[in-house]
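Below is one structure, written out as structure tokens; the observations come after it.
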Amino acid sequence: MATAAVRIPQQSIALPIKGLAKGPQIFIHEGARQALERRLELAFGGPVQLGVTDNLRRMVTQTRSLGRLRVRLHMMFLGAEERVKSALVAYVVQGDRDGSQVVGEFIEQNLHRIRASRKAPGKLRAVGQVHDLEALLHDVNQRYFAGTVSDVLITWGRMTKPRSAQRTSIKLGSYSATERLIRIHPVLDQRWVPRYFVQYIVYHELLHHLVPEARVGGRVLLHPPEFQRRERDFQQLSRALTWEQKHIDRLLRAG
């Protein structure tokens, strides 16, 4: 299996994050890094060297020497919304207080995306008999997130036997924040399961990586309002949900 967990298109070079433990590697989106570096250069008025990290503690650091600005940022900033990137540039270049607050809030909201606390067990298997999960994740990443979500891995899960003779439920996908790993149930790796449906399951689990659970009134919401809003952005949502409802019995029998 290839070591890359996310394939980046040819026009945007994939660069591995250095210093990670051996195993499946996480890649940064070089096009997004260069674009942010150019924004910093325009604001700074001089040469800027931008490095992307997967640090556990220091999310933003900078040094200045001989008219050159060196910045190191956690990879989460590459996919940040425009408001956050503008605040980041203002904070790094000018020490802007309001920008610092926006950056701090963004980091707080994305603590769940800091390096996995546990390595994914064993070898990951993304290429199935029918569906290639790496290709599907790449397509979702490019289409909905401009290719900037590069800190998540994906694999087919294991086929498990139901506890009872007849299965009554099935978990088609899951996301582990401790491993930053999406697992897709292998029952979906069949020719009669359409690509758009597997892609929807990948998209759904990727949202769990991007949108953490929320606590409201003492209840933990796995799908908070922000999650539900972003899930509706999936272009074939209605088609995928209709297909699932129509074929759920067949999936239960196959699983």
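By convention here, the chains of the structure tokens are called A, B, ... in the order presented, each chain's residues are numbered starting at 1, and ligands are numbered starting at 1 in the order presented.
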
(request) Please provide the set of residues having any atom within 12 Å of Arg215 (chain A), restricted to only C-alpha atoms, with same-chain residues fewer than 5 positions apart removed, written as a PyMOL selection string. (result) chain A and resi 220-225

Generate the output file for the selected residues, C-alpha atoms, as a PDB file, in the first residue's frame.
ATOM      1  CA  VAL A 220     -23.439  15.691  23.768  1.00  0.00           C
ATOM      2  CA  LEU A 221     -24.393  16.283  20.132  1.00  0.00           C
ATOM      3  CA  LEU A 222     -22.439  14.152  17.662  1.00  0.00           C
ATOM      4  CA  HIS A 223     -24.068  16.088  14.832  1.00  0.00           C
ATOM      5  CA  PRO A 224     -24.308  19.698  16.046  1.00  0.00           C
ATOM      6  CA  PRO A 225     -25.996  22.374  13.894  1.00  0.00           C
TER       7      PRO A 225
END

(message) Considering only strand (DSSP E) as DSSP defines it on the backbone, what residues of region 14-253 of chain A qualify? List them as a ChimeraX atom specification.
(response) /A:14-16,27-29,48-53,60-65,68-74,153-156,173-176,181-184,214-216,219-221

Atoms kept (N, CA and C atoms) for selection, written as a compact mmCIF listing (two decimals), in the first residue's frame:
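The resulting file, out09.txt, is shown below:
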# COMPACT_ATOMS: atom_id res chain seq x y z
N ALA A 14 2.69 17.39 -3.41
CA ALA A 14 2.44 16.89 -2.06
C ALA A 14 3.76 16.81 -1.31
N LEU A 15 3.83 17.45 -0.15
CA LEU A 15 5.03 17.41 0.66
C LEU A 15 4.72 16.75 1.99
N PRO A 16 5.50 15.71 2.38
CA PRO A 16 5.24 15.05 3.66
C PRO A 16 5.65 15.91 4.83
N PHE A 27 0.32 14.42 4.36
CA PHE A 27 0.91 15.36 3.42
C PHE A 27 0.22 16.72 3.50
N ILE A 28 0.99 17.74 3.22
CA ILE A 28 0.41 19.08 3.17
C ILE A 28 0.08 19.44 1.73
N HIS A 29 -0.82 20.39 1.57
CA HIS A 29 -1.20 20.89 0.26
C HIS A 29 -0.26 22.04 -0.08
N VAL A 48 9.47 35.95 2.94
CA VAL A 48 8.88 35.16 4.01
C VAL A 48 9.12 33.68 3.71
N GLN A 49 9.51 32.95 4.72
CA GLN A 49 9.66 31.50 4.61
C GLN A 49 8.62 30.86 5.52
N LEU A 50 7.66 30.18 4.93
CA LEU A 50 6.56 29.58 5.69
C LEU A 50 6.73 28.06 5.76
N GLY A 51 6.77 27.55 6.97
CA GLY A 51 6.83 26.12 7.19
C GLY A 51 5.54 25.63 7.82
N VAL A 52 5.13 24.43 7.46
CA VAL A 52 3.89 23.84 7.99
C VAL A 52 4.26 22.68 8.89
N THR A 53 3.66 22.63 10.07
CA THR A 53 4.00 21.61 11.05
C THR A 53 2.78 20.80 11.47
N VAL A 60 1.65 28.55 16.26
CA VAL A 60 2.14 29.67 15.45
C VAL A 60 3.42 30.18 16.08
N THR A 61 4.51 30.16 15.32
CA THR A 61 5.77 30.74 15.79
C THR A 61 6.39 31.55 14.66
N GLN A 62 7.20 32.53 15.02
CA GLN A 62 7.86 33.35 14.01
C GLN A 62 9.18 33.87 14.53
N THR A 63 10.10 34.11 13.61
CA THR A 63 11.38 34.76 13.91
C THR A 63 11.69 35.72 12.76
N ARG A 64 12.41 36.79 13.10
CA ARG A 64 12.79 37.78 12.08
C ARG A 64 14.30 37.99 12.16
N SER A 65 14.92 37.99 10.99
CA SER A 65 16.36 38.16 10.93
C SER A 65 16.76 38.69 9.57
N ARG A 68 14.19 39.15 6.90
CA ARG A 68 13.43 37.97 6.49
C ARG A 68 12.56 37.48 7.63
N LEU A 69 11.32 37.10 7.30
CA LEU A 69 10.37 36.58 8.28
C LEU A 69 10.23 35.07 8.09
N ARG A 70 10.46 34.34 9.15
CA ARG A 70 10.28 32.88 9.13
C ARG A 70 9.10 32.54 10.03
N VAL A 71 8.12 31.84 9.45
CA VAL A 71 6.89 31.51 10.16
C VAL A 71 6.68 30.00 10.11
N ARG A 72 6.23 29.44 11.23
CA ARG A 72 5.86 28.02 11.29
C ARG A 72 4.43 27.95 11.82
N LEU A 73 3.58 27.25 11.06
CA LEU A 73 2.15 27.16 11.40
C LEU A 73 1.72 25.71 11.42
N HIS A 74 0.75 25.42 12.28
CA HIS A 74 0.12 24.11 12.23
C HIS A 74 -0.68 23.98 10.94
N LEU A 153 -6.42 10.16 7.92
CA LEU A 153 -6.13 8.91 7.22
C LEU A 153 -7.44 8.18 6.96
N ILE A 154 -7.39 7.19 6.06
CA ILE A 154 -8.60 6.44 5.73
C ILE A 154 -8.25 4.99 5.43
N THR A 155 -9.15 4.09 5.77
CA THR A 155 -8.93 2.67 5.53
C THR A 155 -10.27 1.93 5.50
N TRP A 156 -10.25 0.75 4.87
CA TRP A 156 -11.39 -0.15 5.00
C TRP A 156 -11.30 -0.80 6.37
N GLY A 173 -19.63 3.74 8.57
CA GLY A 173 -18.39 4.49 8.67
C GLY A 173 -18.17 4.96 10.09
N SER A 174 -16.92 5.24 10.42
CA SER A 174 -16.61 5.76 11.75
C SER A 174 -15.36 6.62 11.66
N TYR A 175 -15.20 7.48 12.65
CA TYR A 175 -14.01 8.33 12.72
C TYR A 175 -13.42 8.27 14.11
N SER A 176 -12.12 8.02 14.21
CA SER A 176 -11.41 7.98 15.48
C SER A 176 -10.52 9.21 15.57
N LEU A 181 -8.36 8.85 12.03
CA LEU A 181 -8.54 7.78 11.05
C LEU A 181 -10.02 7.55 10.75
N ILE A 182 -10.36 7.55 9.45
CA ILE A 182 -11.70 7.19 8.98
C ILE A 182 -11.69 5.72 8.61
N ARG A 183 -12.67 4.99 9.12
CA ARG A 183 -12.84 3.58 8.74
C ARG A 183 -14.17 3.44 8.02
N ILE A 184 -14.15 2.74 6.90
CA ILE A 184 -15.36 2.48 6.11
C ILE A 184 -15.65 0.99 6.13
N ALA A 214 -20.50 18.65 20.14
CA ALA A 214 -20.78 19.83 20.96
C ALA A 214 -21.64 19.42 22.15
N ARG A 215 -21.46 20.12 23.25
CA ARG A 215 -22.27 19.87 24.45
C ARG A 215 -23.28 21.00 24.60
N VAL A 216 -24.56 20.65 24.56
CA VAL A 216 -25.64 21.63 24.66
C VAL A 216 -26.61 21.18 25.75
N ARG A 219 -26.22 17.75 27.12
CA ARG A 219 -26.25 16.67 26.12
C ARG A 219 -25.08 16.83 25.17
N VAL A 220 -24.51 15.70 24.76
CA VAL A 220 -23.44 15.69 23.77
C VAL A 220 -24.05 15.45 22.39
N LEU A 221 -23.85 16.40 21.48
CA LEU A 221 -24.39 16.28 20.13
C LEU A 221 -23.29 15.84 19.18

Could you go through region 5-252 of chain A and tell me which residues DSSP, when run on the backbone, assigns to helix (DSSP H, G or I), listing them as an mmCIF file with N, CA and C atoms, in the first residue's frame?
data_model
loop_
_atom_site.group_PDB
_atom_site.id
_atom_site.type_symbol
_atom_site.label_atom_id
_atom_site.label_comp_id
_atom_site.auth_asym_id
_atom_site.auth_seq_id
_atom_site.Cartn_x
_atom_site.Cartn_y
_atom_site.Cartn_z
ATOM 1 N N GLU A 30 0.700 21.796 -0.972
ATOM 2 C CA GLU A 30 1.730 22.789 -1.258
ATOM 3 C C GLU A 30 1.157 24.047 -1.890
ATOM 4 N N GLY A 31 0.125 23.904 -2.705
ATOM 5 C CA GLY A 31 -0.492 25.083 -3.314
ATOM 6 C C GLY A 31 -1.071 26.010 -2.263
ATOM 7 N N ALA A 32 -1.729 25.437 -1.246
ATOM 8 C CA ALA A 32 -2.299 26.240 -0.166
ATOM 9 C C ALA A 32 -1.189 26.880 0.664
ATOM 10 N N ARG A 33 -0.098 26.148 0.870
ATOM 11 C CA ARG A 33 1.018 26.721 1.637
ATOM 12 C C ARG A 33 1.633 27.913 0.904
ATOM 13 N N GLN A 34 1.840 27.769 -0.405
ATOM 14 C CA GLN A 34 2.430 28.852 -1.187
ATOM 15 C C GLN A 34 1.515 30.081 -1.219
ATOM 16 N N ALA A 35 0.202 29.852 -1.320
ATOM 17 C CA ALA A 35 -0.736 30.976 -1.366
ATOM 18 C C ALA A 35 -0.690 31.767 -0.054
ATOM 19 N N LEU A 36 -0.635 31.065 1.076
ATOM 20 C CA LEU A 36 -0.572 31.743 2.361
ATOM 21 C C LEU A 36 0.785 32.437 2.530
ATOM 22 N N GLU A 37 1.828 31.830 2.034
ATOM 23 C CA GLU A 37 3.154 32.441 2.100
ATOM 24 C C GLU A 37 3.194 33.749 1.316
ATOM 25 N N ARG A 38 2.554 33.773 0.156
ATOM 26 C CA ARG A 38 2.506 35.000 -0.648
ATOM 27 C C ARG A 38 1.738 36.104 0.069
ATOM 28 N N ARG A 39 0.653 35.742 0.762
ATOM 29 C CA ARG A 39 -0.109 36.742 1.504
ATOM 30 C C ARG A 39 0.738 37.344 2.618
ATOM 31 N N LEU A 40 1.509 36.523 3.271
ATOM 32 C CA LEU A 40 2.392 37.015 4.321
ATOM 33 C C LEU A 40 3.470 37.923 3.739
ATOM 34 N N GLU A 41 3.997 37.582 2.585
ATOM 35 C CA GLU A 41 5.029 38.402 1.940
ATOM 36 C C GLU A 41 4.491 39.777 1.566
ATOM 37 N N LEU A 42 3.273 39.814 1.028
ATOM 38 C CA LEU A 42 2.681 41.094 0.648
ATOM 39 C C LEU A 42 2.469 41.985 1.866
ATOM 40 N N ALA A 43 2.033 41.400 2.963
ATOM 41 C CA ALA A 43 1.798 42.179 4.176
ATOM 42 C C ALA A 43 3.109 42.576 4.845
ATOM 43 N N PHE A 44 4.095 41.711 4.781
ATOM 44 C CA PHE A 44 5.382 41.967 5.435
ATOM 45 C C PHE A 44 6.255 42.917 4.624
ATOM 46 N N MET A 75 -0.719 22.781 10.392
ATOM 47 C CA MET A 75 -1.367 22.547 9.098
ATOM 48 C C MET A 75 -2.854 22.904 9.086
ATOM 49 N N MET A 76 -3.489 22.982 10.251
ATOM 50 C CA MET A 76 -4.914 23.305 10.285
ATOM 51 C C MET A 76 -5.206 24.665 9.648
ATOM 52 N N PHE A 77 -4.218 25.579 9.664
ATOM 53 C CA PHE A 77 -4.445 26.923 9.135
ATOM 54 C C PHE A 77 -4.565 26.941 7.611
ATOM 55 N N LEU A 78 -4.058 25.926 6.926
ATOM 56 C CA LEU A 78 -4.127 25.925 5.462
ATOM 57 C C LEU A 78 -5.568 25.853 4.975
ATOM 58 N N GLY A 79 -6.426 25.227 5.745
ATOM 59 C CA GLY A 79 -7.819 25.110 5.337
ATOM 60 C C GLY A 79 -8.753 26.048 6.064
ATOM 61 N N GLU A 82 -11.481 32.451 5.207
ATOM 62 C CA GLU A 82 -10.813 33.702 4.849
ATOM 63 C C GLU A 82 -10.642 34.625 6.050
ATOM 64 N N ARG A 83 -11.637 34.718 6.885
ATOM 65 C CA ARG A 83 -11.583 35.599 8.052
ATOM 66 C C ARG A 83 -10.418 35.223 8.963
ATOM 67 N N VAL A 84 -10.196 33.938 9.150
ATOM 68 C CA VAL A 84 -9.120 33.468 10.022
ATOM 69 C C VAL A 84 -7.758 33.735 9.386
ATOM 70 N N LYS A 85 -7.648 33.502 8.082
ATOM 71 C CA LYS A 85 -6.367 33.738 7.418
ATOM 72 C C LYS A 85 -5.989 35.217 7.455
ATOM 73 N N SER A 86 -6.963 36.090 7.262
ATOM 74 C CA SER A 86 -6.691 37.531 7.333
ATOM 75 C C SER A 86 -6.231 37.921 8.731
ATOM 76 N N ALA A 87 -6.890 37.371 9.754
ATOM 77 C CA ALA A 87 -6.506 37.657 11.132
ATOM 78 C C ALA A 87 -5.116 37.103 11.425
ATOM 79 N N LEU A 88 -4.823 35.933 10.865
ATOM 80 C CA LEU A 88 -3.516 35.317 11.064
ATOM 81 C C LEU A 88 -2.401 36.192 10.496
ATOM 82 N N VAL A 89 -2.600 36.696 9.283
ATOM 83 C CA VAL A 89 -1.600 37.561 8.652
ATOM 84 C C VAL A 89 -1.400 38.822 9.475
ATOM 85 N N ALA A 90 -2.495 39.424 9.927
ATOM 86 C CA ALA A 90 -2.408 40.648 10.724
ATOM 87 C C ALA A 90 -1.693 40.396 12.047
ATOM 88 N N TYR A 91 -1.960 39.249 12.645
ATOM 89 C CA TYR A 91 -1.323 38.920 13.926
ATOM 90 C C TYR A 91 0.170 38.664 13.752
ATOM 91 N N VAL A 92 0.533 37.868 12.732
ATOM 92 C CA VAL A 92 1.933 37.507 12.535
ATOM 93 C C VAL A 92 2.761 38.720 12.129
ATOM 94 N N VAL A 93 2.255 39.511 11.194
ATOM 95 C CA VAL A 93 3.040 40.611 10.635
ATOM 96 C C VAL A 93 3.019 41.845 11.535
ATOM 97 N N GLN A 94 1.836 42.165 12.071
ATOM 98 C CA GLN A 94 1.683 43.421 12.807
ATOM 99 C C GLN A 94 1.489 43.243 14.311
ATOM 100 N N ARG A 97 -3.881 42.799 17.885
ATOM 101 C CA ARG A 97 -4.541 42.180 19.040
ATOM 102 C C ARG A 97 -5.833 41.476 18.646
ATOM 103 N N ASP A 98 -6.636 42.117 17.801
ATOM 104 C CA ASP A 98 -7.882 41.478 17.364
ATOM 105 C C ASP A 98 -7.569 40.218 16.566
ATOM 106 N N GLY A 99 -6.538 40.301 15.729
ATOM 107 C CA GLY A 99 -6.135 39.128 14.959
ATOM 108 C C GLY A 99 -5.699 37.999 15.869
ATOM 109 N N SER A 100 -4.991 38.344 16.944
ATOM 110 C CA SER A 100 -4.549 37.338 17.903
ATOM 111 C C SER A 100 -5.737 36.617 18.526
ATOM 112 N N GLN A 101 -6.796 37.369 18.834
ATOM 113 C CA GLN A 101 -7.976 36.760 19.446
ATOM 114 C C GLN A 101 -8.660 35.797 18.487
ATOM 115 N N VAL A 102 -8.786 36.202 17.219
ATOM 116 C CA VAL A 102 -9.427 35.338 16.225
ATOM 117 C C VAL A 102 -8.612 34.058 16.039
ATOM 118 N N VAL A 103 -7.286 34.205 15.955
ATOM 119 C CA VAL A 103 -6.407 33.041 15.800
ATOM 120 C C VAL A 103 -6.529 32.122 17.012
ATOM 121 N N GLY A 104 -6.551 32.707 18.211
ATOM 122 C CA GLY A 104 -6.678 31.909 19.418
ATOM 123 C C GLY A 104 -7.983 31.136 19.471
ATOM 124 N N GLU A 105 -9.068 31.782 19.065
ATOM 125 C CA GLU A 105 -10.368 31.103 19.046
ATOM 126 C C GLU A 105 -10.383 29.970 18.029
ATOM 127 N N PHE A 106 -9.737 30.203 16.871
ATOM 128 C CA PHE A 106 -9.672 29.161 15.842
ATOM 129 C C PHE A 106 -8.904 27.943 16.356
ATOM 130 N N ILE A 107 -7.800 28.172 17.028
ATOM 131 C CA ILE A 107 -7.021 27.065 17.582
ATOM 132 C C ILE A 107 -7.845 26.297 18.605
ATOM 133 N N GLU A 108 -8.539 27.042 19.475
ATOM 134 C CA GLU A 108 -9.369 26.405 20.500
ATOM 135 C C GLU A 108 -10.454 25.533 19.880
ATOM 136 N N GLN A 109 -11.028 25.997 18.781
ATOM 137 C CA GLN A 109 -12.090 25.251 18.119
ATOM 138 C C GLN A 109 -11.566 24.044 17.358
ATOM 139 N N LEU A 111 -8.794 22.071 18.408
ATOM 140 C CA LEU A 111 -7.884 21.264 19.210
ATOM 141 C C LEU A 111 -7.984 19.780 18.858
ATOM 142 N N HIS A 112 -9.164 19.367 18.390
ATOM 143 C CA HIS A 112 -9.346 17.960 18.041
ATOM 144 C C HIS A 112 -8.536 17.560 16.814
ATOM 145 N N ARG A 113 -7.979 18.549 16.083
ATOM 146 C CA ARG A 113 -7.215 18.247 14.876
ATOM 147 C C ARG A 113 -5.714 18.210 15.130
ATOM 148 N N LEU A 133 -10.648 4.061 -1.613
ATOM 149 C CA LEU A 133 -10.986 5.085 -0.631
ATOM 150 C C LEU A 133 -10.070 6.302 -0.714
ATOM 151 N N GLU A 134 -8.820 6.092 -1.056
ATOM 152 C CA GLU A 134 -7.914 7.231 -1.210
ATOM 153 C C GLU A 134 -8.399 8.148 -2.318
ATOM 154 N N ALA A 135 -8.834 7.550 -3.426
ATOM 155 C CA ALA A 135 -9.330 8.349 -4.550
ATOM 156 C C ALA A 135 -10.609 9.089 -4.162
ATOM 157 N N LEU A 136 -11.482 8.425 -3.414
ATOM 158 C CA LEU A 136 -12.725 9.059 -2.986
ATOM 159 C C LEU A 136 -12.456 10.194 -2.006
ATOM 160 N N LEU A 137 -11.550 9.971 -1.068
ATOM 161 C CA LEU A 137 -11.199 11.015 -0.113
ATOM 162 C C LEU A 137 -10.563 12.202 -0.824
ATOM 163 N N HIS A 138 -9.707 11.909 -1.780
ATOM 164 C CA HIS A 138 -9.077 12.978 -2.560
ATOM 165 C C HIS A 138 -10.129 13.800 -3.301
ATOM 166 N N ASP A 139 -11.095 13.135 -3.907
ATOM 167 C CA ASP A 139 -12.139 13.833 -4.656
ATOM 168 C C ASP A 139 -12.978 14.708 -3.732
ATOM 169 N N VAL A 140 -13.372 14.166 -2.580
ATOM 170 C CA VAL A 140 -14.141 14.940 -1.605
ATOM 171 C C VAL A 140 -13.334 16.135 -1.112
ATOM 172 N N ASN A 141 -12.072 15.898 -0.820
ATOM 173 C CA ASN A 141 -11.197 16.954 -0.317
ATOM 174 C C ASN A 141 -11.054 18.087 -1.325
ATOM 175 N N GLN A 142 -10.885 17.738 -2.595
ATOM 176 C CA GLN A 142 -10.736 18.758 -3.626
ATOM 177 C C GLN A 142 -12.049 19.497 -3.889
ATOM 178 N N ARG A 143 -13.134 18.755 -3.982
ATOM 179 C CA ARG A 143 -14.416 19.342 -4.390
ATOM 180 C C ARG A 143 -15.012 20.230 -3.315
ATOM 181 N N TYR A 144 -14.892 19.819 -2.058
ATOM 182 C CA TYR A 144 -15.591 20.546 -0.998
ATOM 183 C C TYR A 144 -14.670 21.357 -0.078
ATOM 184 N N PHE A 145 -13.366 21.042 -0.081
ATOM 185 C CA PHE A 145 -12.465 21.704 0.863
ATOM 186 C C PHE A 145 -11.201 22.235 0.190
ATOM 187 N N PRO A 186 -16.408 -2.630 5.099
ATOM 188 C CA PRO A 186 -16.110 -3.320 3.835
ATOM 189 C C PRO A 186 -17.337 -3.819 3.087
ATOM 190 N N VAL A 187 -18.497 -3.797 3.735
ATOM 191 C CA VAL A 187 -19.707 -4.210 3.021
ATOM 192 C C VAL A 187 -19.984 -3.284 1.841
ATOM 193 N N LEU A 188 -19.423 -2.072 1.882
ATOM 194 C CA LEU A 188 -19.648 -1.111 0.795
ATOM 195 C C LEU A 188 -18.718 -1.349 -0.393
ATOM 196 N N ARG A 195 -20.648 4.447 -6.381
ATOM 197 C CA ARG A 195 -19.512 5.256 -5.919
ATOM 198 C C ARG A 195 -19.980 6.479 -5.137
ATOM 199 N N TYR A 196 -21.075 7.119 -5.585
ATOM 200 C CA TYR A 196 -21.520 8.344 -4.923
ATOM 201 C C TYR A 196 -21.964 8.072 -3.491
ATOM 202 N N PHE A 197 -22.464 6.842 -3.221
ATOM 203 C CA PHE A 197 -22.885 6.539 -1.860
ATOM 204 C C PHE A 197 -21.683 6.352 -0.942
ATOM 205 N N VAL A 198 -20.662 5.638 -1.406
ATOM 206 C CA VAL A 198 -19.444 5.482 -0.610
ATOM 207 C C VAL A 198 -18.809 6.845 -0.383
ATOM 208 N N GLN A 199 -18.862 7.677 -1.405
ATOM 209 C CA GLN A 199 -18.305 9.029 -1.293
ATOM 210 C C GLN A 199 -19.056 9.826 -0.224
ATOM 211 N N TYR A 200 -20.357 9.651 -0.143
ATOM 212 C CA TYR A 200 -21.133 10.344 0.885
ATOM 213 C C TYR A 200 -20.712 9.892 2.281
ATOM 214 N N ILE A 201 -20.497 8.599 2.474
ATOM 215 C CA ILE A 201 -20.069 8.094 3.781
ATOM 216 C C ILE A 201 -18.703 8.671 4.134
ATOM 217 N N VAL A 202 -17.800 8.751 3.155
ATOM 218 C CA VAL A 202 -16.483 9.356 3.384
ATOM 219 C C VAL A 202 -16.638 10.820 3.771
ATOM 220 N N TYR A 203 -17.500 11.545 3.053
ATOM 221 C CA TYR A 203 -17.740 12.967 3.345
ATOM 222 C C TYR A 203 -18.289 13.142 4.759
ATOM 223 N N HIS A 204 -19.240 12.305 5.128
ATOM 224 C CA HIS A 204 -19.852 12.380 6.456
ATOM 225 C C HIS A 204 -18.792 12.197 7.546
ATOM 226 N N GLU A 205 -17.934 11.187 7.388
ATOM 227 C CA GLU A 205 -16.920 10.923 8.404
ATOM 228 C C GLU A 205 -15.846 12.001 8.410
ATOM 229 N N LEU A 206 -15.554 12.580 7.253
ATOM 230 C CA LEU A 206 -14.586 13.674 7.205
ATOM 231 C C LEU A 206 -15.112 14.888 7.968
ATOM 232 N N LEU A 207 -16.419 15.094 7.930
ATOM 233 C CA LEU A 207 -17.006 16.188 8.709
ATOM 234 C C LEU A 207 -16.825 15.958 10.206
ATOM 235 N N HIS A 208 -16.837 14.703 10.639
ATOM 236 C CA HIS A 208 -16.581 14.425 12.052
ATOM 237 C C HIS A 208 -15.159 14.834 12.426
ATOM 238 N N HIS A 209 -14.254 14.748 11.463
ATOM 239 C CA HIS A 209 -12.876 15.193 11.694
ATOM 240 C C HIS A 209 -12.804 16.713 11.796
ATOM 241 N N LEU A 210 -13.633 17.397 11.023
ATOM 242 C CA LEU A 210 -13.571 18.852 10.951
ATOM 243 C C LEU A 210 -14.464 19.543 11.975
ATOM 244 N N PRO A 225 -25.448 21.606 15.027
ATOM 245 C CA PRO A 225 -25.996 22.374 13.894
ATOM 246 C C PRO A 225 -24.977 22.674 12.798
ATOM 247 N N GLU A 226 -23.733 22.988 13.173
ATOM 248 C CA GLU A 226 -22.707 23.274 12.174
ATOM 249 C C GLU A 226 -22.438 22.046 11.310
ATOM 250 N N PHE A 227 -22.428 20.871 11.926
ATOM 251 C CA PHE A 227 -22.244 19.619 11.189
ATOM 252 C C PHE A 227 -23.383 19.413 10.197
ATOM 253 N N GLN A 228 -24.600 19.574 10.659
ATOM 254 C CA GLN A 228 -25.765 19.360 9.804
ATOM 255 C C GLN A 228 -25.792 20.351 8.643
ATOM 256 N N ARG A 229 -25.406 21.595 8.926
ATOM 257 C CA ARG A 229 -25.377 22.600 7.855
ATOM 258 C C ARG A 229 -24.373 22.223 6.779
ATOM 259 N N ARG A 230 -23.195 21.784 7.192
ATOM 260 C CA ARG A 230 -22.154 21.443 6.225
ATOM 261 C C ARG A 230 -22.462 20.132 5.510
ATOM 262 N N GLU A 231 -23.178 19.229 6.181
ATOM 263 C CA GLU A 231 -23.536 17.971 5.512
ATOM 264 C C GLU A 231 -24.465 18.238 4.330
ATOM 265 N N LEU A 237 -26.619 14.459 -1.630
ATOM 266 C CA LEU A 237 -27.097 14.020 -0.327
ATOM 267 C C LEU A 237 -28.443 13.308 -0.436
ATOM 268 N N SER A 238 -29.406 13.931 -1.088
ATOM 269 C CA SER A 238 -30.734 13.334 -1.208
ATOM 270 C C SER A 238 -30.680 11.990 -1.928
ATOM 271 N N ARG A 239 -29.888 11.943 -2.984
ATOM 272 C CA ARG A 239 -29.750 10.699 -3.754
ATOM 273 C C ARG A 239 -29.119 9.599 -2.903
ATOM 274 N N ALA A 240 -28.116 9.954 -2.119
ATOM 275 C CA ALA A 240 -27.430 8.973 -1.279
ATOM 276 C C ALA A 240 -28.351 8.453 -0.176
ATOM 277 N N LEU A 241 -29.104 9.340 0.472
ATOM 278 C CA LEU A 241 -29.996 8.919 1.543
ATOM 279 C C LEU A 241 -31.132 8.054 1.006
ATOM 280 N N THR A 242 -31.616 8.377 -0.193
ATOM 281 C CA THR A 242 -32.666 7.569 -0.819
ATOM 282 C C THR A 242 -32.144 6.179 -1.139
ATOM 283 N N TRP A 243 -30.921 6.103 -1.671
ATOM 284 C CA TRP A 243 -30.330 4.803 -1.993
ATOM 285 C C TRP A 243 -30.152 3.975 -0.726
ATOM 286 N N GLU A 244 -29.696 4.600 0.357
ATOM 287 C CA GLU A 244 -29.487 3.875 1.610
ATOM 288 C C GLU A 244 -30.795 3.305 2.139
ATOM 289 N N GLN A 245 -31.849 4.109 2.112
ATOM 290 C CA GLN A 245 -33.142 3.644 2.601
ATOM 291 C C GLN A 245 -33.652 2.465 1.783
ATOM 292 N N LYS A 246 -33.414 2.500 0.482
ATOM 293 C CA LYS A 246 -33.895 1.454 -0.412
ATOM 294 C C LYS A 246 -33.105 0.165 -0.252
ATOM 295 N N HIS A 247 -31.818 0.254 0.103
ATOM 296 C CA HIS A 247 -30.940 -0.924 0.099
ATOM 297 C C HIS A 247 -30.440 -1.310 1.478
ATOM 298 N N ILE A 248 -30.973 -0.721 2.546
ATOM 299 C CA ILE A 248 -30.460 -1.008 3.876
ATOM 300 C C ILE A 248 -30.606 -2.486 4.245
ATOM 301 N N ASP A 249 -31.703 -3.134 3.850
ATOM 302 C CA ASP A 249 -31.883 -4.548 4.180
ATOM 303 C C ASP A 249 -30.807 -5.401 3.507
ATOM 304 N N ARG A 250 -30.472 -5.073 2.284
ATOM 305 C CA ARG A 250 -29.441 -5.827 1.567
ATOM 306 C C ARG A 250 -28.080 -5.610 2.221
ATOM 307 N N LEU A 251 -27.813 -4.386 2.685
ATOM 308 C CA LEU A 251 -26.558 -4.108 3.383
ATOM 309 C C LEU A 251 -26.486 -4.882 4.684
ATOM 310 N N LEU A 252 -27.610 -4.971 5.402
ATOM 311 C CA LEU A 252 -27.634 -5.728 6.656
ATOM 312 C C LEU A 252 -27.360 -7.210 6.407
#

(request) Have a look at CA of Val152 (chain A) and CA of Gln190 (chain A) and let me know their distance in Å, one decimal. (result)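 Calculated distance between CA of Val152 (chain A) and CA of Gln190 (chain A) is 24.1 Å.
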
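Nearest to Val130 (chain A) of all the residues A:His185, A:Gly157, A:Arg191, A:Thr178 is A:Arg191, based on only C-alpha atoms.
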
(message) What's the separation between CA of Gln235 (chain A) and CA of Ala80 (chain A), in Å to one decimal place?
(response)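 That distance, rounded to one decimal, is 21.6 Å.
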